[in-house]
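Chemist: Have a look at this one.
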Amino acid sequence: MASSRSLNGGSLPFSSQRLLALAQQLSHYKPPPCSLDDGDEQERIIEETVGKVVSQVGVQESVTPISQNPEKFKPKRAAVLICLFEGDAGDLRVILTKRSSRLTTHSGEVSLPGGKAEEGDKDDIETATREAKEEIGLDPSLVNIVTVLEPFLSKHLLRVVPVIGILTDKKAFKPTPNAAEVDEVFDAPLEMFIKDENRTEEEREWMGEKYLLHFFEYETEKEKKKYTIWGLTAGVLIRAASLVYQQPPAFLEQNPKFKFPKIVDRNTVMR
């Protein structure tokens, strides 16, 4: 088996040349720089009140006029793990979770493993892999981290960093969902997020700017369980699939053209 160095340290063997080629392709990816805000100099402290990374909408920070000046923009930080593996049919698949129905926020919704950064996390990779282990029992040693995408902004302007990793041995992963947070662990084909099939959209508006909210319907082959992937999770997976397959989605994304208010706080949300 061929192997490649991973961003989380160590070297894991790849079970196929396709996964090795994908790892090498993604390792060369460089996120675009965030847009600079040449306007108001007022400090902006961003807060997110929800513990986990689920939101009605999420857009790439690079398309917003968020300043890179940390004195002006101090968001809470979070990370999600886009864990890819090769399915039995040779397709690339991504691990997803259905949030616990007992949660008070976003219960029963589909999300990527992930959550807020904790004080001991050295970087976004550690946040994403730590959260994945806590939520679904995914041992970080099984995942070859290959790249980190540009941050996304959630509904409450939480900065969410997607981390892409490759699970080289799917059989070694035995999901053990944390019942307090996760009801189900499942996987879906990554390519579905750039196809215009089983997809619907809704037009929303925020501060006079219109944008599209995407909904993807997925049904598992064996159990025939149905899931809806939308909002921030859908936005992250559209970007990841576009990068992996090196082609844009077959539909219009239409992100809003942001002009942030002078004061941004916990009450500032997209509607």
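Following the order of the structure tokens, chains are lettered A, B, ..., residues in each are numbered from 1, and ligands are numbered from 1.
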I'd like the contact shell of Leu112 in chain A - 9 Å cut-off, only C-alpha atoms, skipping same-chain residues fewer than 2 positions apart - returned as a VMD selection string.
Modeler: chain A and resid 53 to 54 80 to 83 94 to 98 110 114 132 233
Chemist: Report the distance between CA of Gln247 in chain A and CA of Leu149 in chain A in Å, rounded to one decimal place.
Modeler: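 CA of Leu149 in chain A lies at a distance of 16.0 Å from CA of Gln247 in chain A.
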Chemist: From the list A:Leu84, A:Arg159, A:Leu167, A:Thr228, which residue is nearest Pro189 in chain A when using only C-alpha atoms?
Modeler: A:Leu84
Chemist: Quick one: residues within 10 Å of Ala172 in chain A, only C-alpha atoms, excluding same-chain residues fewer than 4 positions away - as a ChimeraX atom specification?
Modeler: /A:138-139,142,167-168
Chemist: Could you write out that same residue set with C-alpha atoms as a PDB file, in the first residue's frame?
Modeler:
ATOM      1  CA  LEU A 138     -13.693   7.975  15.353  1.00  0.00           C
ATOM      2  CA  ASP A 139     -10.064   7.419  16.410  1.00  0.00           C
ATOM      3  CA  LEU A 142      -7.438   6.238  11.514  1.00  0.00           C
ATOM      4  CA  LEU A 167     -10.371   7.244   6.294  1.00  0.00           C
ATOM      5  CA  THR A 168      -8.073   4.689   4.699  1.00  0.00           C
TER       6      THR A 168
END
Chemist: Can you measure CA of Thr127 in chain A to CA of Ala79 in chain A for me? One decimal in Å is fine.
Modeler: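 Interatomic distance here is 6.0 Å.
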Chemist: When you count only C-alpha atoms, which of these residues is closest to Leu252 in chain A: A:Ile238, A:Leu26, A:Ile145, A:Val185?
Modeler: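 Between A:Ile238, A:Leu26, A:Ile145, A:Val185, the residue approaching Leu252 in chain A most closely is A:Ile238.
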Chemist: Just to confirm, what's the straight-line distance from CA of Leu157 in chain A to CA of Asp196 in chain A in Å (one decimal)?
Modeler: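 Pair CA of Leu157 in chain A / CA of Asp196 in chain A returns 27.8 Å.
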